[in-house]
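To keep things clear, I will list the structure first and then write my remarks on it.
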Amino acid sequence: MNQQRLLRMFFWVAGSVWPFLAQAEPAAEVLQAEQQRIEVMERAAATTVAVFDGSGQGGGSGVVISPDGFALTNFHVTAACGSAMKCGMADGKVYDAVIVGIDPVGDVALIQLLGRDDFPHAPLGDSDRVTVGDWVFTSGNPFLLADDFQPSIAYGMVSGVHRYQYPAGTLLEYADCIQTDAAINPGNSGGPLFAADGKLIGINGRGSFEKRGRVNVGVGYAISINQIKHFLPHLKSGRIVDHATLGATVSTSDEGRVSVDEILDNSDAFRRGLRYGDQIVRFAGRDITTANRLKNALGVFPRGWLVPLTFRRDGQSFDTTVRLMGVHDQSQLYDLVQKQEQKPAEPPGGDRPAPDGEETPKPKLPNLSKKKTKLPETVSKRFVARRGYANYWYNEKKQSQLWGNYADRQVLEKAGFDWEISAENIAIEIDRERATIQLQNSVSGAAFSNALATDDLASQLSPPKSGGLLLTLHLWQRLIDKGLRKYGEVYYLGQLPSKPEGTMVDCLIGIYAGIETCFQFDTQSGELVGIVMLPRDGVDPCELQLSDYGEVSGRRLPRKWRVLHGDQQFFELEISDWKFGTDSREEKN
Amino acid sequence: MQRIMFSLLVVVVCLALSAKVNATELQQTIRTTQNKVVKIFGAGGLRQLEAYQSGILISPEGHVLTALSYVLDTDDLAVILHDGRKWQAEFLGSDPITELALLKLPVEEEQLPHFNLRSDVALQRNSSLPFPGQRILALSNLYGIATGDEPVSVLQGVITAIAPLKARRGAYQANYRGQVYVLDAYTNNPGAAGGALVDWQGRLLGILGKELRSEVTGTWLNYALPTASFVEVVDDLRAGRLDRTRVELPPSVESHSTETLGIVLIPDVLPRTPAYIDSVHRDSPAERAGLRPDDLVVFIGSEPVDSYRAVVKQLQQVERAEPISISVLRDGALREFVLTAKTPSVKKSTPASDDVKP
């Protein structure tokens with residue numbers, strides 16, 4: 001009885017005290033967490049950009065990722081802006097910005113804000129570690145609400161990872177994207193998705209809306225930052241960047257097997273042994289159990305990337321590494337981009353937020369706004385138009401940088417065309433017109449005479465099984481002799497993984513006589529570490545790997561060479577002597 | 001009095017608990033709960049008639065509870081688990097009031113992950129859970145985003161109210177009029193019906209309902225049927241005590257079209273055929289409203305339309321139950337007409353009129 005009374009007393013006290021408790025200060029840790037969140041969001045807001053086209057009519061969002069003003073946004077946002085845009089930041093200022101590079105398939109664009117070298121910028125996170133249930137927030141300029149460019153923030157949860165959303169045609173494919181219920185509305189396009197700790201994990205660009213009209217209904221998609229990291233050096237090249245394909249189509253069986261339906265015989269995957277009917281088991285380090293998973297794994301890479309592949313046939317498993325081919329050929333991609341840019345600001349498909357925040361419907365006038373307005377001076381200093389490029393200025397700059405690093409070493413001065421290279425059991429003699437190589441028990445040669453029809457050059461692929469080592473050396477000499485301007489067509493590609501360990505290298509592409517050669521430079525030292533010579537499409541290249549730089553004949557040269565062709569190593573040699581001839585006949589140009 | 005205080009205490013305890021749930025525990029809960037929600041693919045496939053929805057596993061031997069809809073109206077009903085396992089499901093029966101249906105997967109001696117309705121309901125009855133303001137997770141395959149072995153989507157929010165449902169689908173009233181949980185998470189999306197509403201411990205609070213609009217405001221409702229409202233229904237369905245026939249349901253949303261309005265446009269022969277009215281059917285909504293041949297349609301509602309195709313497309317965006325405003329150019333002047341299609345039972349009616357605004 002007594003106990004019951006006590007209990008009753010307790011409830012009475014608890015009940016009457018409750019309202020006061022409720023009004024009391026929240027727990028210290030709650031306040032601390034709140035304060036932390038406020039600070040994270042303030043920092044994030046400072047890096048957020050409101051992107052407007054030159055006329056200030058339409059636009060989207062973006063986020064600065066480095067102090068020199070490089071910022072990420074959506075391709076479908078910049079497509080409506082042209083080469084220059086105005087960018088508002090949380091400091092209330094408007095900065096001029098210029099287009100740098102675009103990835104129309106991945107719906108990503110890189111722009112550079114101008115006028116400062118200390119822009120607040122967002123740290124990049126690791127989107128592969130994002131899981132369902134993570135707290136995230138979006139930042140941006142939905143409905144162009146912020147007159148003072150203070151971005152709107154929306155908090156939410158990661159609803160799904162590794163989502164696949166189909167492209168419109170071949171552009172604007174969202175592979176391996178992050179799905180969130182944090183609000184993504186028209187105007188948020190191109191803006192950042194932050195993890196709760198303030199690290200940038202994605203670029204918002206798309207949502208599922210359907211019959212609800214063009215406002216958020218809890219289903220938004222962000223392009224994962226890890227995908228963008230693969231593309232970033234490519235985007236900095238000022239090019240229109242293409243995505244990759246395996247060159248095969250696949251289908252999923254009910255038992256969760258993904259097998260090859262069709263395969264192009266000019267794809268690297270085919271040359272590495274992949275055939276019709278083979279089961280794809282692993283790709284790029286991911287288990288492949290559905291066609292969607294393969295599309296997700298593929299969609300994060302630019303063309304040319306090296307990716308490990310495991311496939312199975314008749315119970316036997318095969319491991320290989322494939323070089324991915326492009327989804328488009330360059331001119332095809334360029335034409336598609338042109339078409340996209342002529343469209344009104346609203347992207348196709350009706351499935352993603354329109355970059356312009358106008359809610360009120362306005363009659364769609366023929367696109368008069370594709371104005372050829374004069375670029376602001378700061379922008380025009382950093383913009384060079386050229387077919388196939390978003391902004392050739394950045395490519396030229398990167399070319400000169402790589403070349404300058406390489407040529408300034410002066411090791412190449414007057415290297416000429418007359419080389420005599422010896423190693424154990426191997427002797428190579430090369431001059432302007434021909435070359436011979438003496439191997440253990442064979443001699444072979446190649447001719448590079450100017451008298452040859454240019455397409456014949458690509459047929460000089462000796463010694464056999466090397467893929468064209470002598471021709472590779474000839475083209476190396478040509479680059480050294482002619483430099484960037486006279487070699488042929490030269491451009492900076494970006495960074496790709498190189499064999500054998502997948503180390504990232506800067507790629508300078510030279511095209512001469514229809515032969516595409518990739519000169520690979522170490523990203524740190526700037527040293528030439530590889531030459532990949534592709535005489536024509538659909539064959540394996542000759543890959544010359546150069547290492548162990550040291551003094552030979554008074555120059556700093558690579559003393560270790562490795563030559564790969566297809567699945568085979570042709571040879572590996574250590575240079576014992578490297579003579580440079582005095583022949584310096586000037587070729588007339 | 002004691003009851004109230006006891007519930008207050010429970011609230012305090014729960015708040016404290018929910019605050020303590022750290023991120024990894026929550027993610028663990030989500031992961032195990034995702035495994036109890038299935039993807040259902042069946043009939044449909046036209047625009048606004050999606051061929052997919054969600055369902056929840058409620059027994060280890062493969063009973064799946066889902067929303068009763070046209071999606072189930074096929075003999076080829078595929079149910080796909082979180083790990084990609086796929087079965088053809090048998091339709092056991094449905095309840096016309098809650099508009100829920102019970103399916104059975106052809107599995108034996110399986111221990112499938114599942115919700116335990118009885119124990120979750122008992123817990124809620126004893127603890128006065130849930131309450132407005134409680135945090136919730138909504139798991140479903142909205143928009144059919146997940147396929148194969150991909151897990152369903154997760155949305156978060158709170159219960160904003162517990163209130164009786166007053167809703168309609170098109171012109172039809174929803175059959176269920178009992179209490180529902182009103183949510184601030186966007187659960188009213190294509191394909192979400194049949195998904196799970198759970199608390200942060202993964203306990204089933206309810207099942208996500210079909211796409212419905214409020215009778216009062218016309219807005220889409222984000223809501224869930226409480227587990228307690230269907231736990232007995234499920235027992236009856238499992239025991240075969242309810243009608244096994246599939247209830248014929250009207251299509252969930254019917255839109256306007258030129259036919260229903262009685263408008264004949266001039267034939268669509270150009271990429272952008274101007275939307276001139278060729279003729280108007282007798283005694284049609286168009287005629288009653290005052291549309292005439294040779295009128296050029298320029299606006300549907302507030303959306304500009306510049307061609308035959310744009311008109312057809314825009315008409316599909318408006319439900320037939322709603323009056324529709326059409327603006328035309330006639331003799332150089334813009335005129336607006338409001339048309340109302342004949343529908344079974346519309347109470348609300350904006351006076352359809354010959355009301356011509358200059």
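Chain lettering (A, B, ...) mirrors the order of the structure tokens, residue numbering begins at 1 for each chain separately, and ligand numbering begins at 1 in order of display.
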When DSSP is applied to the backbone of this structure, which of segment 141-294 of chain B are assigned alpha helix (DSSP H)? Write them out as a PDB file with N, CA and C atoms, in the first residue's frame.
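Saved result, part22.pdb, follows:
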```pdb
ATOM      1  N   THR B 227      -0.125  -0.085 -38.231  1.00  0.00           N
ATOM      2  CA  THR B 227      -0.093  -1.547 -38.207  1.00  0.00           C
ATOM      3  C   THR B 227      -1.333  -2.114 -37.524  1.00  0.00           C
ATOM      4  N   ALA B 228      -1.770  -1.452 -36.443  1.00  0.00           N
ATOM      5  CA  ALA B 228      -2.927  -1.949 -35.699  1.00  0.00           C
ATOM      6  C   ALA B 228      -4.186  -1.998 -36.559  1.00  0.00           C
ATOM      7  N   SER B 229      -4.239  -1.159 -37.590  1.00  0.00           N
ATOM      8  CA  SER B 229      -5.457  -1.096 -38.400  1.00  0.00           C
ATOM      9  C   SER B 229      -5.571  -2.281 -39.356  1.00  0.00           C
ATOM     10  N   PHE B 230      -4.482  -3.009 -39.546  1.00  0.00           N
ATOM     11  CA  PHE B 230      -4.588  -4.110 -40.521  1.00  0.00           C
ATOM     12  C   PHE B 230      -4.107  -5.457 -39.976  1.00  0.00           C
ATOM     13  N   VAL B 231      -3.704  -5.479 -38.704  1.00  0.00           N
ATOM     14  CA  VAL B 231      -3.134  -6.727 -38.198  1.00  0.00           C
ATOM     15  C   VAL B 231      -4.173  -7.852 -38.210  1.00  0.00           C
ATOM     16  N   GLU B 232      -5.431  -7.525 -37.917  1.00  0.00           N
ATOM     17  CA  GLU B 232      -6.457  -8.565 -37.929  1.00  0.00           C
ATOM     18  C   GLU B 232      -6.862  -8.937 -39.352  1.00  0.00           C
ATOM     19  N   VAL B 233      -6.887  -7.910 -40.191  1.00  0.00           N
ATOM     20  CA  VAL B 233      -7.184  -8.158 -41.604  1.00  0.00           C
ATOM     21  C   VAL B 233      -6.200  -9.181 -42.173  1.00  0.00           C
ATOM     22  N   VAL B 234      -4.953  -8.997 -41.795  1.00  0.00           N
ATOM     23  CA  VAL B 234      -3.913  -9.890 -42.307  1.00  0.00           C
ATOM     24  C   VAL B 234      -4.153 -11.322 -41.820  1.00  0.00           C
ATOM     25  N   ASP B 235      -4.557 -11.452 -40.552  1.00  0.00           N
ATOM     26  CA  ASP B 235      -4.872 -12.790 -40.032  1.00  0.00           C
ATOM     27  C   ASP B 235      -5.981 -13.431 -40.847  1.00  0.00           C
ATOM     28  N   ASP B 236      -7.031 -12.646 -41.124  1.00  0.00           N
ATOM     29  CA  ASP B 236      -8.156 -13.163 -41.903  1.00  0.00           C
ATOM     30  C   ASP B 236      -7.702 -13.576 -43.300  1.00  0.00           C
ATOM     31  N   LEU B 237      -6.857 -12.738 -43.899  1.00  0.00           N
ATOM     32  CA  LEU B 237      -6.387 -13.037 -45.253  1.00  0.00           C
ATOM     33  C   LEU B 237      -5.552 -14.314 -45.257  1.00  0.00           C
ATOM     34  N   ARG B 238      -4.717 -14.455 -44.249  1.00  0.00           N
ATOM     35  CA  ARG B 238      -3.871 -15.655 -44.175  1.00  0.00           C
ATOM     36  C   ARG B 238      -4.717 -16.892 -43.959  1.00  0.00           C
ATOM     37  N   ALA B 239      -5.804 -16.721 -43.182  1.00  0.00           N
ATOM     38  CA  ALA B 239      -6.669 -17.864 -42.902  1.00  0.00           C
ATOM     39  C   ALA B 239      -7.655 -18.101 -44.038  1.00  0.00           C
ATOM     40  N   THR B 258      -8.724  15.422 -75.436  1.00  0.00           N
ATOM     41  CA  THR B 258      -9.585  16.157 -76.373  1.00  0.00           C
ATOM     42  C   THR B 258     -10.916  15.436 -76.515  1.00  0.00           C
ATOM     43  N   GLU B 259     -10.886  14.083 -76.456  1.00  0.00           N
ATOM     44  CA  GLU B 259     -12.136  13.329 -76.611  1.00  0.00           C
ATOM     45  C   GLU B 259     -13.096  13.609 -75.455  1.00  0.00           C
ATOM     46  N   THR B 260     -12.566  13.547 -74.223  1.00  0.00           N
ATOM     47  CA  THR B 260     -13.469  13.728 -73.083  1.00  0.00           C
ATOM     48  C   THR B 260     -14.036  15.137 -73.054  1.00  0.00           C
ATOM     49  N   LEU B 261     -13.307  16.081 -73.602  1.00  0.00           N
ATOM     50  CA  LEU B 261     -13.785  17.465 -73.584  1.00  0.00           C
ATOM     51  C   LEU B 261     -14.645  17.773 -74.806  1.00  0.00           C
ATOM     52  N   PRO B 285     -18.398  19.123 -72.896  1.00  0.00           N
ATOM     53  CA  PRO B 285     -17.911  20.192 -72.000  1.00  0.00           C
ATOM     54  C   PRO B 285     -17.415  21.403 -72.800  1.00  0.00           C
ATOM     55  N   ALA B 286     -16.794  21.141 -73.943  1.00  0.00           N
ATOM     56  CA  ALA B 286     -16.261  22.241 -74.740  1.00  0.00           C
ATOM     57  C   ALA B 286     -17.393  23.120 -75.267  1.00  0.00           C
ATOM     58  N   GLU B 287     -18.460  22.464 -75.757  1.00  0.00           N
ATOM     59  CA  GLU B 287     -19.568  23.244 -76.305  1.00  0.00           C
ATOM     60  C   GLU B 287     -20.266  24.020 -75.191  1.00  0.00           C
ATOM     61  N   ARG B 288     -20.481  23.330 -74.063  1.00  0.00           N
ATOM     62  CA  ARG B 288     -21.161  24.003 -72.951  1.00  0.00           C
ATOM     63  C   ARG B 288     -20.381  25.213 -72.478  1.00  0.00           C
ATOM     64  N   ALA B 289     -19.069  25.106 -72.534  1.00  0.00           N
ATOM     65  CA  ALA B 289     -18.247  26.223 -72.057  1.00  0.00           C
ATOM     66  C   ALA B 289     -18.197  27.352 -73.083  1.00  0.00           C
TER      67      ALA B 289
END
```
Restrict the distance test to only C-alpha atoms, flag each residue of chain B within 7 Å of chain A, and return the flagged residues as a JSON list (two decimals) with N, CA and C atoms, in the first residue's frame.
```json
[["chain", "number", "residue", "atom", "x", "y", "z"],
["B", 2, "GLN", "N", -2.55, 8.89, -14.16],
["B", 2, "GLN", "CA", -1.33, 8.08, -14.13],
["B", 2, "GLN", "C", -0.91, 7.67, -15.53],
["B", 5, "MET", "N", 0.77, 10.42, -17.25],
["B", 5, "MET", "CA", 2.14, 10.66, -16.77],
["B", 5, "MET", "C", 3.07, 9.54, -17.21],
["B", 26, "LEU", "N", 21.91, 3.30, -36.55],
["B", 26, "LEU", "CA", 20.81, 3.64, -37.43],
["B", 26, "LEU", "C", 21.02, 2.99, -38.80],
["B", 27, "GLN", "N", 22.26, 3.06, -39.28],
["B", 27, "GLN", "CA", 22.53, 2.46, -40.59],
["B", 27, "GLN", "C", 22.33, 0.95, -40.55],
["B", 30, "ILE", "N", 18.68, 0.33, -40.70],
["B", 30, "ILE", "CA", 18.20, 0.52, -42.06],
["B", 30, "ILE", "C", 18.53, -0.69, -42.91],
["B", 148, "GLY", "N", 16.61, -5.58, -59.47],
["B", 148, "GLY", "CA", 17.54, -6.66, -59.16],
["B", 148, "GLY", "C", 17.91, -6.70, -57.70],
["B", 153, "SER", "N", 14.70, 2.34, -51.43],
["B", 153, "SER", "CA", 15.10, 3.67, -50.97],
["B", 153, "SER", "C", 14.59, 3.94, -49.55],
["B", 154, "VAL", "N", 15.33, 4.83, -48.87],
["B", 154, "VAL", "CA", 14.98, 5.19, -47.51],
["B", 154, "VAL", "C", 14.79, 6.70, -47.41],
["B", 155, "LEU", "N", 13.66, 7.12, -46.88],
["B", 155, "LEU", "CA", 13.40, 8.53, -46.62],
["B", 155, "LEU", "C", 13.19, 8.69, -45.12],
["B", 156, "GLN", "N", 13.53, 9.88, -44.61],
["B", 156, "GLN", "CA", 13.36, 10.07, -43.17],
["B", 156, "GLN", "C", 12.45, 11.26, -42.91],
["B", 186, "TYR", "N", 8.32, 12.47, -48.02],
["B", 186, "TYR", "CA", 7.55, 12.36, -49.26],
["B", 186, "TYR", "C", 7.28, 10.89, -49.59],
["B", 303, "GLU", "N", -0.27, 27.03, -68.47],
["B", 303, "GLU", "CA", 0.82, 26.59, -69.33],
["B", 303, "GLU", "C", 0.59, 27.00, -70.78],
["B", 304, "PRO", "N", 1.56, 27.66, -71.39],
["B", 304, "PRO", "CA", 1.41, 27.98, -72.80],
["B", 304, "PRO", "C", 1.52, 26.72, -73.66]]
```
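Counting only C-alpha atoms and comparing A:Ile184, A:Ala222, A:Met325, A:Val260, the residue that lies closest to His243 of chain A is A:Met325.
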Q: Please identify all polymer residues within 7 Å of segment 373-385 of chain A, counting only C-alpha atoms, omitting same-chain residues fewer than 4 positions from it, and present them as a list in words.
A: Ala84, Ala97, Val98, Asn391, Tyr392 and Trp393 of chain A
inquiry  = With only C-alpha atoms as the counted atoms, please give the residues lying no more than 7 Å from segment 195-201 of chain B, apart from itself and same-chain residues fewer than 2 positions off, as a count of residues only.
reply    = 21
Show me, as number ranges by chain, the residues that have an atom within 6 Å of segment 561-578 of chain A when counting only C-alpha atoms, minus same-chain residues fewer than 4 positions from it.
A: 420-423, 466-467, 540, 542-546
- Task: With a distance cut-off of 12 Å and only C-alpha atoms, select the neighbouring residues of Thr73 of chain A, excluding the residue or stretch itself and same-chain residues fewer than 6 positions from it, and output the selection as number ranges by chain.
- Result: A: 48-52, 59-65, 79, 81, 85, 87, 97, 99-104, 106-113, 140, 187-193, 202-205, 222-223, 225, 228, 235, 355
